[in-house]
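Engineer: Input: one structure, supplied below.
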Amino acid sequence: MAEINYVIQETFDKMKEELYLLKSVERPAASSAIAEAREKGDLKENAEYDAAKEAQGLLEAKIKYLEGVIATARILDESSIDSSRVSILTKVTVTNLSTKKTMTYKIVSENEASLKDGKISVTSPIGKGLLGKIVGEIAEVIVPAGVLKFKVDNITV
């Protein structure tokens, strides 16, 4: 069974729009680039043709990926999120017990993760470690550098 991809409506709409552009604009452009390169002669020594075929392959892979993500997407409604526990789409403020630094993260799907925006993936080590925790609880998170301990200070939607 395919993995479920949890996304908000805005992300789902962006993915559908990107897929539409790839299929309706980029795919025909790639096909015409291949046709144009093919007209330039011997295909064995035609670098332009090889590049166009490679670009088409990458495009088709991206289309297939987006189709898969959209097909397995489940749209989450932010208004129905329970903020008593850390879950997807909650904002959690934590204190790293070893450095005493306080950070706020929003737990999101892999497709929406952006560390510079304070959004971490639910499948990341920190995201997994915080899931299900309540305010005041200590989360022990296993990361490549060892074990980090975070105290959950606040949970909001």
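Going through the structure tokens in order, the chains are called A, B, and so on, while each chain numbers its residues from 1 and the ligands are numbered from 1 in the order shown.
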How close does each residue of stretch 6-37 of chain A get to stretch 50-68 of chain A, giving the shortest atom pair and distance in Å to one decimal for every residue with an atom at most 8 Å away, counting only C-alpha atoms, sorted by chain and residue number, as a tab-separated table?

Structural biologist:
```
residue	atom	partner	partner_atom	distance
A:Met15	CA	A:Leu66	CA	6.9
A:Leu19	CA	A:Ile63	CA	6.3
A:Leu22	CA	A:Ile63	CA	6.8
A:Lys23	CA	A:Ile63	CA	7.4
A:Glu26	CA	A:Leu59	CA	7.7
A:Arg27	CA	A:Leu59	CA	7.3
A:Ala30	CA	A:Gln56	CA	5.7
A:Ser31	CA	A:Gln56	CA	7.5
A:Ala33	CA	A:Ala52	CA	6.1
A:Ile34	CA	A:Ala52	CA	5.4
A:Ala37	CA	A:Ala52	CA	7.6
```

Engineer: Those selected residues, please, written with N, CA and C atoms and delivered as an mmCIF file, in the first residue's frame.

Structural biologist:
```cif
data_model
loop_
_atom_site.group_PDB
_atom_site.id
_atom_site.type_symbol
_atom_site.label_atom_id
_atom_site.label_comp_id
_atom_site.auth_asym_id
_atom_site.auth_seq_id
_atom_site.Cartn_x
_atom_site.Cartn_y
_atom_site.Cartn_z
ATOM 1 N N MET A 15 0.622 21.777 -5.640
ATOM 2 C CA MET A 15 1.117 20.576 -6.320
ATOM 3 C C MET A 15 0.299 20.293 -7.588
ATOM 4 N N LEU A 19 1.783 20.286 -11.377
ATOM 5 C CA LEU A 19 1.601 19.122 -12.245
ATOM 6 C C LEU A 19 0.957 19.534 -13.567
ATOM 7 N N LEU A 22 3.585 21.253 -15.681
ATOM 8 C CA LEU A 22 4.552 20.294 -16.208
ATOM 9 C C LEU A 22 3.974 19.532 -17.398
ATOM 10 N N LYS A 23 2.715 19.134 -17.274
ATOM 11 C CA LYS A 23 2.094 18.343 -18.349
ATOM 12 C C LYS A 23 1.704 19.189 -19.552
ATOM 13 N N GLU A 26 5.593 22.216 -19.991
ATOM 14 C CA GLU A 26 6.947 21.667 -20.015
ATOM 15 C C GLU A 26 7.078 20.421 -20.895
ATOM 16 N N ARG A 27 6.083 19.514 -20.824
ATOM 17 C CA ARG A 27 6.164 18.279 -21.609
ATOM 18 C C ARG A 27 6.181 18.568 -23.108
ATOM 19 N N ALA A 30 9.559 19.970 -24.067
ATOM 20 C CA ALA A 30 10.604 18.944 -24.100
ATOM 21 C C ALA A 30 10.513 18.125 -25.378
ATOM 22 N N SER A 31 9.296 17.801 -25.785
ATOM 23 C CA SER A 31 9.107 17.037 -27.022
ATOM 24 C C SER A 31 9.592 17.815 -28.235
ATOM 25 N N ALA A 33 11.866 20.157 -28.221
ATOM 26 C CA ALA A 33 13.322 20.271 -28.129
ATOM 27 C C ALA A 33 13.988 19.003 -28.663
ATOM 28 N N ILE A 34 13.387 17.857 -28.392
ATOM 29 C CA ILE A 34 13.913 16.588 -28.906
ATOM 30 C C ILE A 34 13.773 16.545 -30.423
ATOM 31 N N ALA A 37 16.324 18.816 -32.015
ATOM 32 C CA ALA A 37 17.680 18.259 -31.946
ATOM 33 C C ALA A 37 17.836 17.083 -32.906
#
```

Engineer: Identify all residues of stretch 30-149 of chain A in strand (DSSP E or B) (DSSP on the backbone) and supply them as a ChimeraX atom specification.

Structural biologist: /A:73-76,91-96,102-108,114,119-121,138-143,146-149

Engineer: Could you please determine the separation between atom CA of A:Arg85 and atom CA of A:Lys151 in Å, to one decimal place?

Structural biologist: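 These two atoms are separated by 13.1 Å.
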
Engineer: Let me make sure I understand: among A:Ile107, A:Ile70, A:Val7, A:Ala35, which one has the smallest atom-to-atom distance to A:Val92 if we use only C-alpha atoms?

Structural biologist: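 Answer, going by the shortest atom-to-atom distance: A:Ile107.
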
Engineer: Write out as an MDAnalysis selection string each polymer residue whose atoms come within 10 Å of stretch 113-125 of chain A, counting only C-alpha atoms; drop sequence neighbours fewer than 4 positions from it.

Structural biologist: chainID A and resid 6 87:89 91 103:109 129:131 141:144

Engineer: Produce a file of the selected residues containing N, CA and C atoms, as a compact mmCIF listing (two decimals), in the first residue's frame.

Structural biologist:
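Generated file (result-v9.txt):
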```
# COMPACT_ATOMS: atom_id res chain seq x y z
N TYR A 6 0.22 13.60 4.09
CA TYR A 6 -0.67 14.57 4.72
C TYR A 6 -0.26 15.98 4.30
N SER A 87 1.09 17.01 17.36
CA SER A 87 0.67 16.24 16.19
C SER A 87 0.96 17.07 14.95
N ILE A 88 0.68 16.51 13.80
CA ILE A 88 0.91 17.23 12.56
C ILE A 88 0.07 18.50 12.56
N LEU A 89 0.63 19.58 12.08
CA LEU A 89 0.05 20.92 12.00
C LEU A 89 -0.02 21.67 13.32
N LYS A 91 1.98 23.77 16.39
CA LYS A 91 3.22 24.51 16.66
C LYS A 91 3.65 24.14 18.06
N MET A 103 13.11 26.83 21.07
CA MET A 103 12.78 26.90 19.64
C MET A 103 11.31 26.59 19.45
N THR A 104 10.73 27.15 18.39
CA THR A 104 9.35 26.84 18.04
C THR A 104 9.34 26.24 16.64
N TYR A 105 8.69 25.10 16.53
CA TYR A 105 8.58 24.41 15.25
C TYR A 105 7.11 24.15 14.94
N LYS A 106 6.81 24.16 13.67
CA LYS A 106 5.50 23.69 13.22
C LYS A 106 5.74 22.33 12.61
N ILE A 107 4.99 21.33 13.05
CA ILE A 107 5.13 19.97 12.55
C ILE A 107 4.27 19.84 11.28
N VAL A 108 4.91 19.56 10.16
CA VAL A 108 4.22 19.50 8.87
C VAL A 108 4.61 18.23 8.11
N SER A 109 4.00 18.03 6.95
CA SER A 109 4.34 16.89 6.11
C SER A 109 5.70 17.11 5.45
N GLY A 129 10.21 12.31 17.28
CA GLY A 129 10.43 12.29 18.72
C GLY A 129 9.43 13.13 19.50
N LEU A 130 8.92 14.19 18.88
CA LEU A 130 7.97 15.07 19.57
C LEU A 130 6.52 14.61 19.44
N LEU A 131 6.21 13.81 18.43
CA LEU A 131 4.83 13.38 18.20
C LEU A 131 4.23 12.73 19.45
N VAL A 141 15.11 12.49 21.70
CA VAL A 141 15.15 12.39 20.24
C VAL A 141 16.50 11.82 19.82
N ILE A 142 16.45 10.71 19.08
CA ILE A 142 17.69 10.11 18.58
C ILE A 142 18.02 10.74 17.24
N VAL A 143 19.16 11.41 17.18
CA VAL A 143 19.65 12.06 15.96
C VAL A 143 21.02 11.47 15.64
N PRO A 144 21.51 11.70 14.43
CA PRO A 144 22.82 11.14 14.08
C PRO A 144 23.94 11.50 15.07
```

Engineer: As number ranges by chain, list the residues of stretch 6-121 of chain A assigned to helix (DSSP H, G or I) by DSSP on the backbone atoms of this structure.

Structural biologist: A: 9-38, 43-45, 47-71, 78-80, 110-112, 115-117

Engineer: Can you work out the spacing between atom CA of A:Asp77 and atom CA of A:Lys14 in Å, to one decimal?

Structural biologist: 16.3 Å

Engineer: Of the residues A:Val86, A:Leu21, A:Ala73, A:Val94, which is the one nearest to A:Lys128, using only C-alpha atoms?

Structural biologist: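 The shortest atom-to-atom distance to A:Lys128 comes from A:Val86.
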
Engineer: Would you please work out which residue, of A:Glu45, A:Asn154, A:Glu137, A:Ile75, is nearest to A:Asp13 when using only C-alpha atoms?

Structural biologist: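 For A:Asp13, the nearest of the candidates is A:Ile75.
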